[in-house]
Amino acid sequence: MSKNAKTLVNTVRGGGRALINTLFRVYYEEKKNPRNNVVKKYKVYRILFLKLKFNTVYSTNKVFKVDKDGNKRLVTNKKELFKYLNKVSGENNTIIIPDTDLLNLTVPHIFGSNNIINISKIEKLTNICVEIYGNSSQLLVGSIKFFAGVHFRINGNDKKIIVGDDCMFSSGVEIWTGDAHPIYDLATGERINNDQDVIIGNYVWIGRNASIHKGAVIPDGCVVGANSFVTHKFEEPNTIIAGTPAKVIKRNIRWER
Ligand SMILES: CC(C)(COP(=O)(O)OP(=O)(O)OC[C@H]1O[C@@H](n2cnc3c(N)ncnc32)[C@H](O)[C@@H]1OP(=O)(O)O)[C@@H](O)C(=O)NCCC(=O)NCCS
């Protein structure tokens with residue numbers, strides 16, 4: 001029995017997700033190796049891989065589309081599902097999105113299980129990209145006025161990004177719950193840059209290329225200046241928050257689209 005075949009047999013005993021990961025690796029290793037009978041093995045691994053992917057990823061992860069009257073439809077069409085689950089490697093994730101052509105959602109990357117993406121409503125063509133690295137996290141977005149281009153990245157388990165109603169985001173907006181790589185205190189060995197939730201209130205306008213980072217809270221009616229880096233919890237509504245690090249630069253404002 002080859003080394004790869006042994007690994008496969010062992011992982012079958014191990015369980016679903018581990019099996020998929022191993023199959024993925026073995027499939028690409030075999031494909032790369034010119035000494036193998038590529039065509040034959042390629043076909044076998046491909047069939048096995050797709051079957052397993054369908055059994056675990058496509059059956060445990062759910063996509064719902066909600067029409068303008070609030071009726072929720074479970075997506076079962078394989079081609080449609082592929083658009084949303086192609087880059088999902090965990091189980092029991094739920095994606096709930098409005099049933100409209102106004103949403104341009106780049107295939108979500110979800111590396112983990114039990115996560116939720118819930119986007120309520122959209123008024124104008126909106127571009128969203130989502131990455132989730134961890135388990136049991138949530139991206140909850142209210143009724144969207146317009147997002148020109150936003151990248152949500154959730155790092156960590158049990159983390160949340162919450163965006164209220166009627167927000168407007170410019171292009172190049174980055175909203176992250178973490179730094180993607182850990183940093184440790186040399187003396188204690190403790191992690192110093194823990195992942196944290198990001199909360200954005202209602203009717204918030206975020207300028208182009210702004211980054212809203214771990215721990216940030218932006219209250220209702222605020223404006224975030226272009227290229228700002230927001231890391232603090234702000235409490236005062238109707239302010240302009242700008243700069244790096246972002247600070248309140250104006251108070252008692254109101255903005256219009
Ligand atoms: C935040 C913003 C709305 C503020 O506009 P404003 O009320 O006219 O503010 P001002 O130009 O009077 O600036 C006030 C102070 O804040 C500073 N400031 C303004 N915007 C800033 C920003 N994005 N980053 C850092 N500092 C900023 C100014 O330099 C000025 O500092 P000073 O008092 O030391 O001179 C504007 O600067 C901005 O960033 N707009 C985003 C536009 C955008 O992205 N549009 C996309 C369309 S959706």
# chains A, B, ... in the order shown; residues from 1 in each chain; ligands from 1

$ residues_around --residues "stretch 161-171 of chain A" --least-positions-apart "3" --cutoff "7 Å" --atoms "only C-alpha atoms" --output "PDB file with C-alpha atoms, in the first residue's frame"
ATOM      1  CA  GLN A 138     -21.097  36.114  12.825  1.00  0.00           C
ATOM      2  CA  LEU A 139     -21.224  38.792  10.167  1.00  0.00           C
ATOM      3  CA  LEU A 140     -24.536  40.617  10.633  1.00  0.00           C
ATOM      4  CA  VAL A 141     -25.287  43.461   8.234  1.00  0.00           C
ATOM      5  CA  GLY A 142     -28.499  45.493   8.320  1.00  0.00           C
ATOM      6  CA  SER A 143     -30.174  47.258   5.453  1.00  0.00           C
ATOM      7  CA  ILE A 144     -27.432  48.540   3.125  1.00  0.00           C
ATOM      8  CA  LYS A 145     -27.652  51.963   1.421  1.00  0.00           C
ATOM      9  CA  PHE A 146     -24.596  51.332  -0.737  1.00  0.00           C
ATOM     10  CA  PHE A 147     -21.250  49.575  -0.297  1.00  0.00           C
ATOM     11  CA  ALA A 148     -18.883  50.387  -3.180  1.00  0.00           C
ATOM     12  CA  GLY A 149     -16.398  47.784  -1.987  1.00  0.00           C
ATOM     13  CA  VAL A 150     -15.899  46.229   1.413  1.00  0.00           C
ATOM     14  CA  ASP A 197     -15.604  42.301  17.720  1.00  0.00           C
ATOM     15  CA  VAL A 198     -16.269  45.285  15.453  1.00  0.00           C
ATOM     16  CA  ILE A 199     -19.550  47.176  15.870  1.00  0.00           C
ATOM     17  CA  ILE A 200     -20.791  49.814  13.433  1.00  0.00           C
ATOM     18  CA  GLY A 201     -24.048  51.634  14.222  1.00  0.00           C
ATOM     19  CA  ASN A 202     -26.861  52.860  11.986  1.00  0.00           C
ATOM     20  CA  TYR A 203     -26.426  55.489   9.288  1.00  0.00           C
ATOM     21  CA  VAL A 204     -22.624  55.471   9.230  1.00  0.00           C
ATOM     22  CA  TRP A 205     -20.644  56.673   6.200  1.00  0.00           C
ATOM     23  CA  ILE A 206     -17.176  55.186   5.784  1.00  0.00           C
ATOM     24  CA  GLY A 207     -14.783  56.978   3.426  1.00  0.00           C
ATOM     25  CA  ARG A 208     -12.575  55.296   0.855  1.00  0.00           C
ATOM     26  CA  ASN A 209      -9.763  52.975   1.939  1.00  0.00           C
TER      27      ASN A 209
END

$ select_by_dssp --residues "stretch 79-167 of chain A" --states "strand (DSSP E or B)" --output "PyMOL selection string"
chain A and resi 88+94-98+103-111+116-122+126-133+138-147+150-155+160-163+167

$ closest_atom_pairs --of "chain A" --to "ligand 1" --cutoff "6 Å" --atoms "only C-alpha atoms and all ligand atoms" --output "tab-separated table"
residue	atom	partner	partner_atom_place_in_ligand_line	distance
A:Ser170	CA	ligand 1	48 (S)	4.0
A:Gly207	CA	ligand 1	44 (O)	3.3
A:Arg208	CA	ligand 1	44 (O)	3.9
A:Val224	CA	ligand 1	1 (C)	5.9
A:Gly225	CA	ligand 1	39 (O)	3.4
A:Ala226	CA	ligand 1	39 (O)	3.8
A:Asn227	CA	ligand 1	23 (N)	5.6
A:Ser228	CA	ligand 1	24 (N)	5.5
A:Ala242	CA	ligand 1	24 (N)	4.6
A:Gly243	CA	ligand 1	25 (C)	3.4
A:Ile249	CA	ligand 1	16 (O)	5.4

$ write_last_selection --atoms "C-alpha atoms" --output "PDB file, in the first residue's frame"
ATOM      1  CA  SER A 170     -16.943  53.799  -0.108  1.00  0.00           C
ATOM      2  CA  GLY A 207     -14.783  56.978   3.426  1.00  0.00           C
ATOM      3  CA  ARG A 208     -12.575  55.296   0.855  1.00  0.00           C
ATOM      4  CA  VAL A 224     -15.205  57.946   9.000  1.00  0.00           C
ATOM      5  CA  GLY A 225     -12.615  59.882   6.963  1.00  0.00           C
ATOM      6  CA  ALA A 226     -10.828  58.433   3.956  1.00  0.00           C
ATOM      7  CA  ASN A 227      -7.722  56.336   4.727  1.00  0.00           C
ATOM      8  CA  SER A 228      -8.438  56.330   8.466  1.00  0.00           C
ATOM      9  CA  ALA A 242     -10.627  60.471  11.003  1.00  0.00           C
ATOM     10  CA  GLY A 243      -6.898  59.891  10.886  1.00  0.00           C
ATOM     11  CA  ILE A 249     -12.283  65.706  14.404  1.00  0.00           C
TER      12      ILE A 249
END

$ residues_around --residues "A:Ile154" --least-positions-apart "5" --cutoff "7 Å" --atoms "only C-alpha atoms" --output "list in words"
Glu131, Ile132, Tyr133, Lys159, Trp176, Thr177 and Gly178 of chain A

$ closest_residue --among "A:Val63, A:Val217, A:Ala210, A:Val223" --to "A:Gln196" --atoms "only C-alpha atoms"
A:Val217

$ atom_distance --atom1 "atom CA of A:Asn114" --atom2 "atom CA of A:Lys83"
19.1 Å

$ residues_around --residues "stretch 93-108 of chain A" --least-positions-apart "5" --cutoff "6 Å" --atoms "only C-alpha atoms" --output "ChimeraX atom specification"
/A:61-67,83-84,113-119,121,125-131

$ atom_distance --atom1 "atom CA of A:Asn157" --atom2 "atom CA of A:Asn135"
4.8 Å

$ select_by_dssp --residues "stretch 61-219 of chain A" --states "alpha helix (DSSP H)" --output "list of chain:residue names"
A:Lys78, A:Lys79, A:Glu80, A:Leu81, A:Phe82, A:Lys83, A:Tyr84, A:Leu85

$ write_last_selection --atoms "N, CA and C atoms" --output "compact mmCIF listing (two decimals), in the first residue's frame"
# COMPACT_ATOMS: atom_id res chain seq x y z
N LYS A 78 -27.57 22.97 -7.37
CA LYS A 78 -26.13 22.75 -7.16
C LYS A 78 -25.27 23.86 -7.76
N LYS A 79 -25.69 24.34 -8.94
CA LYS A 79 -24.90 25.38 -9.61
C LYS A 79 -24.92 26.66 -8.78
N GLU A 80 -26.09 26.98 -8.24
CA GLU A 80 -26.24 28.18 -7.43
C GLU A 80 -25.46 28.03 -6.12
N LEU A 81 -25.55 26.83 -5.54
CA LEU A 81 -24.83 26.57 -4.28
C LEU A 81 -23.32 26.71 -4.46
N PHE A 82 -22.84 26.24 -5.59
CA PHE A 82 -21.41 26.27 -5.89
C PHE A 82 -20.86 27.69 -5.78
N LYS A 83 -21.69 28.67 -6.20
CA LYS A 83 -21.30 30.10 -6.16
C LYS A 83 -21.01 30.56 -4.73
N TYR A 84 -21.67 29.93 -3.78
CA TYR A 84 -21.53 30.39 -2.38
C TYR A 84 -20.69 29.45 -1.53
N LEU A 85 -20.64 28.16 -1.91
CA LEU A 85 -19.98 27.20 -1.02
C LEU A 85 -18.66 26.66 -1.56

$ residues_around --residues "stretch 250-254 of chain A" --least-positions-apart "2" --cutoff "10 Å" --atoms "only C-alpha atoms" --output "list of chain:residue names"
A:Tyr203, A:Gly221, A:Cys222, A:Val223, A:Glu236, A:Pro237, A:Asn238, A:Thr239, A:Ile240, A:Ile241, A:Ala242, A:Lys247, A:Val248, A:Glu256

$ write_last_selection --atoms "C-alpha atoms" --output "JSON list (two decimals), in the first residue's frame"
[["chain", "number", "residue", "atom", "x", "y", "z"],
["A", 203, "TYR", "CA", -26.43, 55.49, 9.29],
["A", 221, "GLY", "CA", -24.69, 58.92, 12.33],
["A", 222, "CYS", "CA", -20.88, 59.09, 12.22],
["A", 223, "VAL", "CA", -18.57, 59.68, 9.25],
["A", 236, "GLU", "CA", -20.51, 59.94, 20.70],
["A", 237, "PRO", "CA", -22.97, 59.75, 17.79],
["A", 238, "ASN", "CA", -22.92, 62.21, 14.84],
["A", 239, "THR", "CA", -19.21, 62.89, 14.82],
["A", 240, "ILE", "CA", -16.52, 62.77, 12.14],
["A", 241, "ILE", "CA", -13.82, 60.26, 13.04],
["A", 242, "ALA", "CA", -10.63, 60.47, 11.00],
["A", 247, "LYS", "CA", -9.88, 60.52, 16.49],
["A", 248, "VAL", "CA", -13.01, 62.68, 16.60],
["A", 256, "GLU", "CA", -26.50, 62.99, 3.31]]

$ residues_around --residues "A:Asn194" --least-positions-apart "6" --cutoff "10 Å" --atoms "only C-alpha atoms" --output "VMD selection string"
chain A and resid 155 to 156 177 to 184 214 to 215
